[in-house]
Every structure is written in C-alpha cells, then in structure tokens.
file model.txt (compact mmCIF, C-alpha atoms and all ligand atoms)
# COMPACT_ATOMS: atom_id res chain seq x y z
CA MET A 560 -5.14 31.62 -28.18
CA THR A 561 -2.70 29.02 -26.91
CA LYS A 562 -2.51 28.79 -23.15
CA LYS A 563 0.78 29.41 -21.44
CA ILE A 564 2.49 26.37 -19.93
CA LYS A 565 3.08 26.65 -16.21
CA PRO A 566 5.80 24.50 -14.70
CA LEU A 567 4.22 22.13 -12.19
CA LYS A 568 7.22 22.53 -9.89
CA ASP A 569 6.54 26.26 -9.68
CA LEU A 570 2.83 25.80 -9.17
CA PHE A 571 3.42 23.65 -6.10
CA LYS A 572 6.66 25.16 -4.86
CA HIS A 573 5.13 26.10 -1.51
CA GLN A 574 3.44 22.71 -1.08
CA PHE A 575 5.51 19.76 -2.25
CA LYS A 576 8.16 18.57 -4.66
CA ILE A 577 6.90 17.29 -7.98
CA GLY A 578 8.66 14.18 -9.22
CA ALA A 579 8.73 11.70 -12.08
CA ALA A 580 10.01 8.15 -12.34
CA ILE A 581 12.40 7.91 -15.25
CA ASN A 582 14.82 5.60 -17.01
CA PRO A 583 17.45 6.47 -19.65
CA GLU A 584 14.95 5.99 -22.49
CA ILE A 585 12.37 8.31 -20.90
CA LEU A 586 15.12 10.83 -20.27
CA ALA A 587 16.13 10.77 -23.93
CA HIS A 588 12.51 11.16 -25.06
CA ASP A 589 11.15 13.60 -22.49
CA GLU A 590 14.13 15.59 -21.22
CA GLU A 591 12.55 18.96 -21.90
CA LEU A 592 9.33 18.05 -20.10
CA ILE A 593 11.28 16.74 -17.12
CA LEU A 594 13.35 19.92 -16.86
CA THR A 595 10.30 22.15 -17.23
CA HIS A 596 7.99 20.51 -14.74
CA PHE A 597 9.81 18.33 -12.24
CA ASN A 598 12.27 18.96 -9.42
CA SER A 599 12.52 15.39 -8.15
CA VAL A 600 13.33 12.15 -9.91
CA THR A 601 12.98 8.46 -9.05
CA VAL A 602 14.90 5.83 -11.01
CA GLU A 603 12.17 3.53 -12.32
CA ASN A 604 14.14 0.27 -12.24
CA ASP A 605 17.87 0.78 -12.39
CA MET A 606 18.58 1.23 -8.67
CA LYS A 607 16.64 -1.86 -7.62
CA PHE A 608 18.89 -4.51 -6.10
CA GLY A 609 18.62 -6.99 -8.96
CA GLU A 610 19.33 -4.37 -11.61
CA ILE A 611 22.24 -2.53 -10.02
CA HIS A 612 23.90 -5.38 -8.10
CA PRO A 613 23.35 -8.50 -10.23
CA GLU A 614 26.30 -10.48 -8.84
CA GLU A 615 28.01 -10.37 -5.46
CA ASN A 616 31.11 -8.69 -6.81
CA ARG A 617 29.58 -6.82 -9.72
CA TYR A 618 27.56 -3.63 -9.77
CA ALA A 619 25.90 -2.36 -12.96
CA PHE A 620 25.91 1.38 -12.36
CA GLU A 621 25.74 2.56 -15.97
CA ARG A 622 22.00 3.21 -16.31
CA ALA A 623 21.56 4.64 -12.82
CA ASP A 624 24.60 6.88 -13.40
CA ILE A 625 22.99 8.43 -16.48
CA ILE A 626 20.06 9.56 -14.33
CA ALA A 627 22.26 10.56 -11.38
CA ASP A 628 24.46 12.75 -13.61
CA PHE A 629 21.36 14.39 -15.06
CA VAL A 630 20.09 15.10 -11.56
CA ARG A 631 23.42 16.64 -10.53
CA GLU A 632 23.79 18.76 -13.65
CA ASN A 633 20.31 20.19 -13.26
CA HIS A 634 20.22 20.53 -9.47
CA LEU A 635 17.26 18.22 -9.00
CA THR A 636 16.72 15.85 -6.07
CA MET A 637 16.25 12.10 -6.08
CA ARG A 638 14.10 9.57 -4.22
CA GLY A 639 16.06 6.34 -3.74
CA HIS A 640 14.09 3.29 -4.89
CA THR A 641 14.52 0.72 -3.38
CA PHE A 642 16.61 -1.41 -0.98
CA VAL A 643 14.38 -4.28 0.15
CA TRP A 644 11.71 -5.77 -2.09
CA HIS A 645 10.47 -9.27 -2.86
CA ASN A 646 10.71 -8.47 -6.57
CA GLN A 647 13.63 -7.54 -8.88
CA THR A 648 16.16 -8.73 -6.29
CA SER A 649 19.23 -10.82 -7.10
CA ASP A 650 19.09 -14.54 -6.25
CA TRP A 651 22.72 -14.57 -5.12
CA LEU A 652 21.89 -12.29 -2.21
CA PHE A 653 20.00 -15.01 -0.34
CA LYS A 654 22.15 -18.01 -1.20
CA ASP A 655 25.48 -19.51 -0.22
CA GLN A 656 27.78 -21.33 -2.63
CA SER A 657 25.90 -24.59 -2.27
CA GLY A 658 22.58 -22.89 -3.08
CA LYS A 659 21.24 -22.96 0.49
CA ASN A 660 19.78 -19.90 2.19
CA VAL A 661 22.42 -17.82 3.97
CA ASP A 662 22.04 -17.08 7.67
CA GLU A 663 20.73 -13.84 9.13
CA ALA A 664 24.14 -12.29 9.79
CA THR A 665 25.32 -12.91 6.23
CA LEU A 666 22.19 -11.42 4.67
CA LEU A 667 22.33 -8.33 6.88
CA ASP A 668 26.02 -7.93 6.16
CA ARG A 669 25.44 -8.16 2.40
CA LEU A 670 22.63 -5.63 2.62
CA GLU A 671 24.76 -3.29 4.69
CA GLN A 672 27.58 -3.40 2.15
CA HIS A 673 25.08 -2.68 -0.61
CA MET A 674 23.59 0.27 1.28
CA ARG A 675 27.07 1.67 1.92
CA ILE A 676 28.07 1.45 -1.74
CA MET A 677 24.82 3.09 -2.86
CA ASN A 678 25.27 5.80 -0.28
CA GLN A 679 28.85 6.50 -1.34
CA ARG A 680 27.88 6.77 -4.99
CA TYR A 681 24.54 8.57 -4.78
CA GLY A 682 24.38 10.03 -1.27
CA ASP A 683 24.96 13.55 -2.58
CA ILE A 684 21.62 13.56 -4.44
CA ILE A 685 19.36 11.07 -2.65
CA TYR A 686 17.47 12.64 0.27
CA VAL A 687 15.05 9.77 0.93
CA TRP A 688 15.07 6.00 0.44
CA ASP A 689 12.19 3.59 0.03
CA VAL A 690 13.93 1.28 2.49
CA VAL A 691 11.30 -1.45 2.38
CA ASN A 692 8.86 -1.79 -0.48
CA GLU A 693 5.54 -3.71 -0.57
CA ALA A 694 6.10 -5.95 2.46
CA ILE A 695 2.44 -6.11 3.50
CA GLU A 696 0.31 -9.01 2.26
CA ASP A 697 -2.79 -8.03 0.23
CA LYS A 698 -4.81 -11.09 1.26
CA LYS A 699 -7.18 -10.86 4.20
CA GLY A 700 -6.05 -12.57 7.34
CA SER A 701 -2.32 -12.42 6.80
CA TYR A 702 -0.10 -9.54 7.75
CA LEU A 703 3.32 -9.67 6.12
CA ARG A 704 4.07 -11.00 2.65
CA GLU A 705 6.13 -14.18 2.56
CA SER A 706 9.58 -13.53 1.10
CA LEU A 707 13.15 -14.69 1.48
CA TRP A 708 13.80 -11.54 3.51
CA LYS A 709 11.20 -12.61 6.05
CA GLU A 710 12.20 -16.26 5.95
CA ILE A 711 15.86 -15.54 6.72
CA LEU A 712 15.58 -12.49 9.00
CA GLY A 713 12.42 -13.47 10.87
CA ASP A 714 9.04 -11.84 11.48
CA ASN A 715 10.57 -8.59 12.75
CA TYR A 716 12.82 -8.26 9.69
CA ILE A 717 11.51 -4.82 8.75
CA GLU A 718 12.64 -3.39 12.07
CA LYS A 719 16.10 -4.91 11.58
CA ILE A 720 16.35 -3.41 8.12
CA PHE A 721 15.31 0.08 9.19
CA ARG A 722 17.84 -0.03 12.04
CA LEU A 723 20.51 -1.02 9.55
CA ALA A 724 19.52 1.76 7.16
CA GLU A 725 19.78 4.28 9.96
CA LYS A 726 23.21 2.98 10.96
CA VAL A 727 24.48 3.31 7.39
CA ASN A 728 23.08 6.78 6.80
CA PRO A 729 21.43 8.54 9.74
CA SER A 730 20.80 11.72 7.78
CA VAL A 731 18.69 10.35 4.92
CA ASP A 732 14.90 10.00 5.28
CA LEU A 733 13.76 6.38 5.59
CA PHE A 734 10.38 5.44 4.10
CA TYR A 735 8.06 2.45 3.91
CA ASN A 736 6.40 2.32 0.44
CA ASP A 737 3.35 0.32 -0.69
CA TYR A 738 0.43 0.02 -3.15
CA ASN A 739 -3.29 -0.54 -2.40
CA GLU A 740 -2.44 1.90 0.33
CA THR A 741 -5.95 3.35 0.54
CA LYS A 742 -7.81 0.03 0.70
CA PRO A 743 -9.02 -0.26 4.29
CA GLU A 744 -7.60 -3.72 4.99
CA LYS A 745 -4.16 -2.94 3.66
CA ARG A 746 -4.20 0.61 4.99
CA ASP A 747 -4.78 -0.69 8.51
CA LYS A 748 -1.87 -3.11 8.17
CA ILE A 749 0.45 -0.36 6.92
CA TYR A 750 -0.67 1.80 9.83
CA LYS A 751 0.01 -1.03 12.27
CA LEU A 752 3.47 -1.69 10.81
CA VAL A 753 4.58 1.93 10.99
CA LYS A 754 3.05 2.44 14.43
CA ASN A 755 4.86 -0.63 15.78
CA LEU A 756 8.15 0.57 14.34
CA LYS A 757 7.71 3.98 15.91
CA ASP A 758 6.62 2.48 19.25
CA ASN A 759 9.80 0.40 19.21
CA GLY A 760 11.92 3.50 18.74
CA VAL A 761 12.85 2.77 15.13
CA LYS A 762 13.67 5.73 12.89
CA ILE A 763 11.03 5.74 10.17
CA ASP A 764 10.48 9.11 8.58
CA GLY A 765 7.64 8.51 6.24
CA ILE A 766 5.12 6.49 4.30
CA GLY A 767 5.16 6.25 0.52
CA MET A 768 1.68 5.96 -0.96
CA GLN A 769 2.21 4.59 -4.45
CA ALA A 770 -1.11 5.86 -5.86
CA HIS A 771 -1.53 3.55 -8.85
CA TRP A 772 -5.14 4.60 -9.21
CA SER A 773 -7.99 4.02 -11.65
CA MET A 774 -11.00 5.91 -13.01
CA ASP A 775 -13.37 4.52 -10.38
CA LYS A 776 -11.14 3.69 -7.44
CA PRO A 777 -10.15 4.75 -4.90
CA SER A 778 -12.76 7.31 -3.87
CA ILE A 779 -11.66 10.69 -2.56
CA ASP A 780 -13.08 9.70 0.83
CA GLU A 781 -10.97 6.56 0.89
CA ILE A 782 -7.84 8.53 0.07
CA LYS A 783 -8.68 11.10 2.70
CA GLU A 784 -9.18 8.43 5.35
CA ALA A 785 -5.81 6.88 4.53
CA LEU A 786 -4.06 10.27 4.54
CA ASP A 787 -5.64 11.14 7.91
CA MET A 788 -4.55 7.86 9.43
CA TYR A 789 -0.99 8.03 8.13
CA ALA A 790 -0.60 11.70 9.04
CA SER A 791 -1.77 10.91 12.59
CA LEU A 792 1.40 8.83 12.99
CA ASP A 793 3.39 12.03 12.72
CA VAL A 794 5.38 10.86 9.69
CA LYS A 795 5.98 12.51 6.34
CA ILE A 796 3.91 11.32 3.40
CA HIS A 797 5.14 11.01 -0.17
CA ILE A 798 2.90 10.15 -3.10
CA THR A 799 5.51 8.00 -4.80
CA GLU A 800 4.24 6.35 -8.00
CA MET A 801 1.12 8.16 -9.14
CA ASP A 802 -0.73 7.28 -12.31
CA VAL A 803 -4.42 7.19 -13.20
CA ARG A 804 -5.13 4.59 -15.85
CA LEU A 805 -7.94 5.27 -18.32
CA CYS A 806 -10.12 2.41 -17.12
CA ASN A 807 -11.72 1.06 -14.00
CA GLU A 808 -9.84 -1.06 -11.53
CA GLY A 809 -9.46 -4.65 -12.69
CA GLU A 810 -10.24 -3.73 -16.31
CA LYS A 811 -8.16 -2.62 -19.26
CA PRO A 812 -8.90 0.30 -21.61
CA LYS A 813 -11.35 -0.73 -24.32
CA PHE A 814 -10.07 1.60 -27.03
CA ALA A 815 -7.02 0.46 -28.93
CA THR A 816 -5.48 3.48 -30.62
CA GLU A 817 -6.90 6.69 -29.21
CA PRO A 818 -8.37 7.59 -25.84
CA GLU A 819 -12.03 8.68 -25.77
CA PRO A 820 -12.43 12.41 -25.06
CA GLU A 821 -14.94 11.88 -22.27
CA MET A 822 -12.56 9.51 -20.54
CA LEU A 823 -9.78 12.09 -20.74
CA LYS A 824 -12.14 14.62 -19.17
CA LYS A 825 -13.03 12.20 -16.41
CA GLN A 826 -9.34 11.54 -15.82
CA ALA A 827 -8.73 15.29 -15.63
CA LEU A 828 -11.39 15.66 -12.95
CA ARG A 829 -9.84 12.81 -10.98
CA TYR A 830 -6.36 14.31 -11.13
CA GLN A 831 -7.71 17.72 -10.16
CA ALA A 832 -9.54 16.30 -7.14
CA PHE A 833 -6.44 14.37 -6.05
CA PHE A 834 -4.21 17.43 -6.18
CA LYS A 835 -6.80 19.54 -4.35
CA LEU A 836 -6.80 16.96 -1.61
CA PHE A 837 -3.00 16.71 -1.46
CA GLN A 838 -2.77 20.44 -0.97
CA GLN A 839 -4.67 20.16 2.28
CA TYR A 840 -2.00 18.01 3.92
CA GLU A 841 1.10 19.55 5.37
CA ALA A 842 2.52 16.05 5.80
CA ILE A 843 2.74 15.59 2.01
CA GLU A 844 6.18 16.69 1.01
CA SER A 845 6.52 15.13 -2.43
CA VAL A 846 4.24 13.95 -5.26
CA THR A 847 5.86 11.73 -7.90
CA LEU A 848 4.25 10.51 -11.12
CA TRP A 849 5.32 7.04 -12.30
CA GLY A 850 6.48 8.25 -15.69
CA VAL A 851 6.43 11.50 -17.64
CA SER A 852 4.31 11.24 -20.78
CA ASP A 853 1.97 8.60 -22.23
CA TYR A 854 4.79 7.72 -24.63
CA TYR A 855 5.75 5.11 -22.02
CA SER A 856 4.11 3.69 -18.93
CA TRP A 857 4.74 0.36 -17.20
CA LEU A 858 0.92 0.02 -17.21
CA ASP A 859 0.81 -0.42 -20.98
CA ASP A 860 2.31 -3.87 -20.50
CA PHE A 861 0.93 -4.67 -17.10
CA ILE A 862 -2.72 -3.66 -17.58
CA GLY A 863 -2.99 -2.87 -21.28
CA LYS A 864 -1.20 -6.08 -22.34
CA GLY A 865 0.61 -4.05 -24.96
CA ASN A 866 -2.18 -1.46 -25.46
CA LYS A 867 -1.99 2.09 -24.22
CA THR A 868 -3.43 3.05 -20.83
CA TRP A 869 -2.80 6.85 -21.05
CA PRO A 870 -2.27 7.32 -17.30
CA LEU A 871 -0.08 10.46 -17.14
CA LEU A 872 -0.37 14.25 -17.50
CA PHE A 873 1.28 14.62 -20.93
CA ASN A 874 0.32 12.86 -24.14
CA GLU A 875 2.52 10.73 -26.38
CA GLU A 876 3.85 13.84 -28.13
CA GLY A 877 4.63 15.47 -24.80
CA ARG A 878 1.76 17.95 -25.00
CA PRO A 879 -0.25 18.67 -21.85
CA LYS A 880 -3.43 16.67 -21.50
CA GLU A 881 -6.65 17.96 -20.01
CA ALA A 882 -5.51 16.47 -16.72
CA TYR A 883 -2.57 18.88 -16.71
CA TRP A 884 -4.78 21.89 -17.48
CA TYR A 885 -7.36 20.97 -14.85
CA ILE A 886 -4.62 20.90 -12.24
CA VAL A 887 -2.98 24.10 -13.45
CA ASP A 888 -6.24 26.03 -13.82
CA SER A 889 -7.44 25.20 -10.35
CA PHE A 890 -4.18 26.26 -8.70
CA SER A 891 -3.23 29.38 -10.62
CA GLU A 892 -4.00 32.70 -8.96
O1 LIG B 1 15.52 -5.91 -18.08
C1 LIG B 1 14.73 -6.84 -18.84
C2 LIG B 1 15.22 -6.92 -20.22
O2 LIG B 1 16.52 -7.44 -20.21
C3 LIG B 1 14.27 -7.80 -21.03
O3 LIG B 1 14.66 -7.80 -22.36
C4 LIG B 1 12.84 -7.26 -20.94
C5 LIG B 1 11.84 -8.15 -21.67
O4 LIG B 1 10.57 -8.11 -21.05
O5 LIG B 1 12.49 -7.21 -19.61
C6 LIG B 1 13.30 -6.35 -18.85
O6 LIG B 1 12.85 -6.34 -17.53
C7 LIG B 1 11.67 -5.62 -17.30
C8 LIG B 1 11.99 -4.55 -16.28
O7 LIG B 1 10.81 -3.86 -15.90
C9 LIG B 1 13.00 -3.51 -16.79
O8 LIG B 1 12.47 -2.88 -17.92
C10 LIG B 1 10.63 -6.57 -16.72
O9 LIG B 1 10.22 -7.48 -17.74
C11 LIG B 1 9.42 -5.82 -16.24
O10 LIG B 1 8.55 -6.68 -15.55
C12 LIG B 1 9.87 -4.73 -15.27
O11 LIG B 1 8.73 -4.01 -14.86
C13 LIG B 1 8.94 -3.08 -13.83
C14 LIG B 1 8.19 -3.52 -12.57
O12 LIG B 1 8.33 -2.52 -11.57
C15 LIG B 1 8.70 -4.85 -12.03
O13 LIG B 1 7.93 -5.24 -10.99
C16 LIG B 1 8.41 -1.74 -14.29
O14 LIG B 1 9.19 -1.27 -15.38
C17 LIG B 1 8.43 -0.72 -13.17
O15 LIG B 1 7.75 0.44 -13.55
C18 LIG B 1 7.72 -1.31 -11.95
O16 LIG B 1 7.79 -0.38 -10.89
C19 LIG B 1 7.11 -0.79 -9.69
C20 LIG B 1 7.79 -0.10 -8.53
O17 LIG B 1 9.16 -0.36 -8.52
C21 LIG B 1 7.18 -0.55 -7.19
N1 LIG B 1 5.75 -0.38 -7.19
C22 LIG B 1 5.03 -0.90 -8.33
C23 LIG B 1 5.63 -0.37 -9.63
C24 LIG B 1 4.84 -0.80 -10.80
O18 LIG B 1 4.84 -2.22 -10.90

call {"tool": "encode", "arguments": {"input": "model.txt", "output": "structure tokens"}}
result
Amino acid sequence: MTKKIKPLKDLFKHQFKIGAAINPEILAHDEELILTHFNSVTVENDMKFGEIHPEENRYAFERADIIADFVRENHLTMRGHTFVWHNQTSDWLFKDQSGKNVDEATLLDRLEQHMRIMNQRYGDIIYVWDVVNEAIEDKKGSYLRESLWKEILGDNYIEKIFRLAEKVNPSVDLFYNDYNETKPEKRDKIYKLVKNLKDNGVKIDGIGMQAHWSMDKPSIDEIKEALDMYASLDVKIHITEMDVRLCNEGEKPKFATEPEPEMLKKQALRYQAFFKLFQQYEAIESVTLWGVSDYYSWLDDFIGKGNKTWPLLFNEEGRPKEAYWYIVDSFSE
C-alpha cells in the first residue's frame, strides 16, 4: 500500500511556516513539490546585493521577479534574503570613482536607496528581512567579522543598519541571521549582539538560525541550549537555511552515486528529532529548508566537491525520503 502524502505546510499549520530556498531552476524542476508542501519561500541568491544590484544604476530583477511572481500567484509568503553581507555584495557599493572607500554617509545613503527600491518592488510579499547576515566572527577571541561594512561604518555598524532598515520599512520584521548558531562560542556572541541591540532600543524582531547541520553535529542538547538562550531575548526565531548533509561535520559523503540506506535512516531520525524540538518552541515561527529536493543543493559543490550530499527531505526524483516520512509519521494524529 502506498502511503498518502501529507503536505508539510498542513502538518505544521498551527506551529510554523514551512519554507524552501529556491531559484528559477529549482522552481522549474520542483514546482509541484513546492506548491504541495511549502507556504514560504526564500530566494537562494537572486536578491543578494551583488546579484540584484550589480552596478550603481543597474538592477537585475529578472530572476528575483520570476520567484516573486510565483509567490504572488500562489499566495505564498517570502523571507527577504539579504541586505548586508560580507559575501556576494557588489564592489561598487563601497568605492568612489577613484577606487577609494566611500565615507559613512555615502554608504548608508546607497544602502537606504537599495532598501527602498527592494521594498517598493517586493514589499507586498516580503514579511521579514535578513537585514544583516553572518556578521559574527567564528574565530575565538574576536567578536565581529572584518568587512568593508565594518571598516566604513565603524564597530557599531549593525545598529546603524538596523535603524536604517526600520526607517525604510517599519512594518517588516527585521532579523539577524547566522550559521554555527548552536556552537557555544558563536551562540554567545550572537546572544550578546542581539541583547546589545535590544538594550540600545533598536528594533530587532528575530534571530535566524541557519541550521546547516550534519549527521553528528550539533547535538539536540546544543540546539536546545541555543534555542533557550535566543528565546530568552524575547525575539522571534526562524530556522532559515536547514539541511542535514549525509556525513559528519568536516567530512564529505563517502559514497559517490547512491546514499547508503542506514545513513538515510540516521538522517531521518535526526530530522525527526529536530522537528520534535522545534515544536516545543512558541518563538519559532518559520522553518525553511535550503532547497527542495536532492536534485540540487549548494552543499553538493561546497562539501561534496561535485558529489551528492543528499541533505533534503525529497530525493532527486522528488519522492519523499525516509526523513520526510519520519517527520510526517511522528506528527500525524
Ligand atoms: O552566478 C555565477 C555564474 O555566473 C557562474 O557561471 C557560476 C560558476 O561557478 O557561479 C555563479 O555564482 C555562484 C552563485 O552561487 C550563484 O549560483 C557562485 O559560484 C556560488 O559560490 C554561489 O553559492 C551560493 C553561496 O550562498 C555563496 O556564498 C549558494 O548558491 C547559496 O546557496 C549560498 O547561500 C548561503 C546563504 O545565502 C547564507 N548562508 C549560507 C548559505 C550557504 O552558503
């Protein structure tokens, strides 16, 4: 007997939104899966500064528009990703005509114009923005990552940027988003950053926990500790970029063409435990997977070096994996 597919968005409709990061190619390949299971979408790359605003007087809206139109037609919602990042950002933004760094006022003005244009074009569908992405340094002993943003705007640049984001659009939720978010050292720095912002009266609505997780790490206890700490700040929490690669942290999958059944089972148990934990937190308002099916994941290049990493809930043909069934079975009445 074939089991009946249950839409994930229905399964969790009383708990949180269920999202997927997509691009036009994923949309073409997995449209049916997206429409069946997800009610929120993040644009994987095409709304990042460098992609959508490559030159001062030129925006490249085409790819983002494909996703935005799809969201409108199907009454989905969108997470905006992202305004301020050290990566995938246009060089022109930081430079004057002679190639020197611009001053603070110029950079803030350019960012404000960018935020306004994005808001005009996509404000009808975007309810939350990852305003600042990955600004905390991973290395022990240092707090903020070095970047041109920090160099030009100063050590309190994140506060300035959140204040600007609020000025441009006071009604959208403003989030700080990062990875390694459950590792104690980085977790404590994220906590400190958000606490300082709140103490200074800055509007910050939530923390995005990226959740690029592995078969061995993080532990459920580590995730729980991070969730407890973040929730204690009285902010919303979004799981923003979830995937669970089929290997341990720091390794790559050892099987070239097909995943091993026992690894898929282990992955299913991990996913099930994660979703059980998420359900216990009222603060979690959205859970987004960083992709749709194992047909495509950024991890295949990044970790797999061209080999598959099988990190998602649906296989390359779009069929549900054990991970999907373990989640569905444990939450169905
Ligand atoms: O656009 C160029 C294309 O012109 C060129 O032909 C091709 C050749 O490699 O590269 C294309 O750029 C790639 C880009 O994605 C768009 O596809 C870059 O090489 C590639 O490095 C880039 O990777 C993206 C990565 O962010 C960049 O850091 C991933 O797709 C994307 O999934 C990933 O997403 C990030 C989140 O935004 C933030 N958190 C971490 C997450 C995973 O790294």

call {"tool": "closest_atom_pairs", "arguments": {"input": "model.txt", "of": "chain A", "to": "ligand LIG 1 (chain B)", "cutoff": "10 Å", "atoms": "all atoms listed in the file", "output": "tab-separated table"}}
result
residue	atom	partner	partner_atom	distance
A:Ala580	CA	B:LIG1	O15	8.1
A:Ile581	CA	B:LIG1	O15	9.0
A:Asn582	CA	B:LIG1	O8	8.8
A:Thr601	CA	B:LIG1	O17	9.6
A:Val602	CA	B:LIG1	O17	8.8
A:Glu603	CA	B:LIG1	O15	5.5
A:Asn604	CA	B:LIG1	C17	5.9
A:Asp605	CA	B:LIG1	C9	7.8
A:Met606	CA	B:LIG1	O17	9.6
A:Lys607	CA	B:LIG1	O17	7.7
A:Gly609	CA	B:LIG1	O1	9.7
A:Glu610	CA	B:LIG1	O1	7.7
A:His640	CA	B:LIG1	O17	7.1
A:Thr641	CA	B:LIG1	O17	7.5
A:Trp644	CA	B:LIG1	C21	8.6
A:His645	CA	B:LIG1	O13	9.4
A:Asn646	CA	B:LIG1	O13	6.1
A:Gln647	CA	B:LIG1	C15	6.4
A:Asp689	CA	B:LIG1	C21	9.7
A:Asn692	CA	B:LIG1	C21	7.0
A:Glu693	CA	B:LIG1	N1	7.4
A:Asn736	CA	B:LIG1	N1	8.1
A:Asp737	CA	B:LIG1	N1	7.0
A:Tyr738	CA	B:LIG1	N1	6.7
A:Met768	CA	B:LIG1	N1	9.8
A:Gln769	CA	B:LIG1	N1	6.7
A:Ala770	CA	B:LIG1	N1	9.4
A:His771	CA	B:LIG1	C22	7.9
A:Thr799	CA	B:LIG1	N1	8.7
A:Glu800	CA	B:LIG1	N1	6.9
A:Met801	CA	B:LIG1	C23	9.7
A:Asp802	CA	B:LIG1	C24	9.9
A:Trp849	CA	B:LIG1	O15	7.1
A:Gly850	CA	B:LIG1	O15	8.2
A:Tyr855	CA	B:LIG1	O14	9.8
A:Ser856	CA	B:LIG1	O15	7.3
A:Trp857	CA	B:LIG1	O15	4.7
A:Leu858	CA	B:LIG1	C24	7.6
A:Asp860	CA	B:LIG1	O10	8.4
A:Phe861	CA	B:LIG1	O18	7.7

call {"tool": "closest_residue", "arguments": {"input": "model.txt", "among": "A:Lys748, A:His634, A:Lys867, A:Lys563", "to": "Leu805 (chain A)", "atoms": "only C-alpha atoms"}}
result
A:Lys867

call {"tool": "residues_around", "arguments": {"input": "model.txt", "residues": "region 778-784 of chain A", "least_positions_apart": "6", "cutoff": "8 Å", "atoms": "all atoms listed in the file", "output": "list in words"}}
result
Thr741, Lys742, Pro743, Ala832, Phe833 and Leu836 of chain A

call {"tool": "closest_residue", "arguments": {"input": "model.txt", "among": "A:Trp688, A:Tyr735, A:Phe620, A:Phe653", "to": "Trp708 (chain A)", "atoms": "all atoms listed in the file"}}
result
A:Phe653

call {"tool": "residues_near_point", "arguments": {"input": "model.txt", "point": "(17.0, -15.2, 13.9)", "cutoff": "9 Å", "atoms": "all atoms listed in the file", "output": "number ranges by chain"}}
result
A: 662-664, 711-714

call {"tool": "residues_around", "arguments": {"input": "model.txt", "residues": "region 672-679 of chain A", "least_positions_apart": "4", "cutoff": "9 Å", "atoms": "all atoms listed in the file", "output": "list in words"}}
result
Met606, Phe608, His612, Phe642, Leu667, Asp668, Asp683, Ile685, Leu723, Ala724, Val727 and Asn728 of chain A

call {"tool": "residues_around", "arguments": {"input": "model.txt", "residues": "region 785-791 of chain A", "least_positions_apart": "2", "cutoff": "9 Å", "atoms": "all atoms listed in the file", "output": "VMD selection string"}}
result
chain A and resid 740 to 743 746 to 747 749 to 750 753 765 to 766 780 to 783 793 to 796 837 840 to 843

call {"tool": "write_last_selection", "arguments": {"input": "model.txt", "atoms": "C-alpha atoms", "output": "short mmCIF file (atom, residue, chain, number, x, y, z; two decimals), in the coordinates of the input"}}
result
data_model
loop_
_atom_site.label_atom_id
_atom_site.label_comp_id
_atom_site.auth_asym_id
_atom_site.auth_seq_id
_atom_site.Cartn_x
_atom_site.Cartn_y
_atom_site.Cartn_z
CA GLU A 740 -2.44 1.90 0.33
CA THR A 741 -5.95 3.35 0.54
CA LYS A 742 -7.81 0.03 0.70
CA PRO A 743 -9.02 -0.26 4.29
CA ARG A 746 -4.20 0.61 4.99
CA ASP A 747 -4.78 -0.69 8.51
CA ILE A 749 0.45 -0.36 6.92
CA TYR A 750 -0.67 1.80 9.83
CA VAL A 753 4.58 1.93 10.99
CA GLY A 765 7.64 8.51 6.24
CA ILE A 766 5.12 6.49 4.30
CA ASP A 780 -13.08 9.70 0.83
CA GLU A 781 -10.97 6.56 0.89
CA ILE A 782 -7.84 8.53 0.07
CA LYS A 783 -8.68 11.10 2.70
CA ASP A 793 3.39 12.03 12.72
CA VAL A 794 5.38 10.86 9.69
CA LYS A 795 5.98 12.51 6.34
CA ILE A 796 3.91 11.32 3.40
CA PHE A 837 -3.00 16.71 -1.46
CA TYR A 840 -2.00 18.01 3.92
CA GLU A 841 1.10 19.55 5.37
CA ALA A 842 2.52 16.05 5.80
CA ILE A 843 2.74 15.59 2.01
#

call {"tool": "closest_residue", "arguments": {"input": "model.txt", "among": "A:Leu570, A:Ala623, A:Pro812, A:Glu744", "to": "Phe834 (chain A)", "atoms": "all atoms listed in the file"}}
result
A:Leu570

call {"tool": "closest_residue", "arguments": {"input": "model.txt", "among": "A:Ala694, A:Ile798, A:Leu635, A:Leu703", "to": "Ser845 (chain A)", "atoms": "all atoms listed in the file"}}
result
A:Ile798

call {"tool": "atom_distance", "arguments": {"input": "model.txt", "atom1": "CA of Glu591 (chain A)", "atom2": "CA of Lys825 (chain A)"}}
result
27.0 Å

call {"tool": "decode", "arguments": {"input": "model.txt", "residues": "region 661-673 of chain A", "atoms": "N, CA and C atoms", "output": "mmCIF file, in the first residue's frame"}}
result
data_model
loop_
_atom_site.group_PDB
_atom_site.id
_atom_site.type_symbol
_atom_site.label_atom_id
_atom_site.label_comp_id
_atom_site.auth_asym_id
_atom_site.auth_seq_id
_atom_site.Cartn_x
_atom_site.Cartn_y
_atom_site.Cartn_z
ATOM 1 N N VAL A 661 34.251 54.740 0.078
ATOM 2 C CA VAL A 661 33.368 55.893 0.291
ATOM 3 C C VAL A 661 33.279 56.191 1.786
ATOM 4 N N ASP A 662 32.716 57.350 2.126
ATOM 5 C CA ASP A 662 32.550 57.651 3.552
ATOM 6 C C ASP A 662 31.241 57.044 4.066
ATOM 7 N N GLU A 663 31.075 57.154 5.373
ATOM 8 C CA GLU A 663 29.926 56.531 6.037
ATOM 9 C C GLU A 663 28.584 57.005 5.452
ATOM 10 N N ALA A 664 28.463 58.318 5.274
ATOM 11 C CA ALA A 664 27.184 58.869 4.807
ATOM 12 C C ALA A 664 26.834 58.324 3.422
ATOM 13 N N THR A 665 27.839 58.222 2.567
ATOM 14 C CA THR A 665 27.580 57.725 1.205
ATOM 15 C C THR A 665 27.136 56.266 1.236
ATOM 16 N N LEU A 666 27.819 55.457 2.040
ATOM 17 C CA LEU A 666 27.466 54.036 2.092
ATOM 18 C C LEU A 666 26.046 53.853 2.647
ATOM 19 N N LEU A 667 25.741 54.596 3.707
ATOM 20 C CA LEU A 667 24.390 54.466 4.283
ATOM 21 C C LEU A 667 23.335 54.958 3.299
ATOM 22 N N ASP A 668 23.662 56.011 2.574
ATOM 23 C CA ASP A 668 22.719 56.530 1.598
ATOM 24 C C ASP A 668 22.476 55.511 0.475
ATOM 25 N N ARG A 669 23.550 54.884 0.007
ATOM 26 C CA ARG A 669 23.407 53.883 -1.052
ATOM 27 C C ARG A 669 22.574 52.694 -0.558
ATOM 28 N N LEU A 670 22.843 52.294 0.676
ATOM 29 C CA LEU A 670 22.081 51.162 1.225
ATOM 30 C C LEU A 670 20.609 51.532 1.382
ATOM 31 N N GLU A 671 20.380 52.751 1.824
ATOM 32 C CA GLU A 671 18.984 53.187 2.002
ATOM 33 C C GLU A 671 18.231 53.177 0.665
ATOM 34 N N GLN A 672 18.878 53.689 -0.370
ATOM 35 C CA GLN A 672 18.226 53.682 -1.694
ATOM 36 C C GLN A 672 17.914 52.244 -2.111
ATOM 37 N N HIS A 673 18.867 51.369 -1.895
ATOM 38 C CA HIS A 673 18.684 49.952 -2.250
ATOM 39 C C HIS A 673 17.505 49.348 -1.485
#
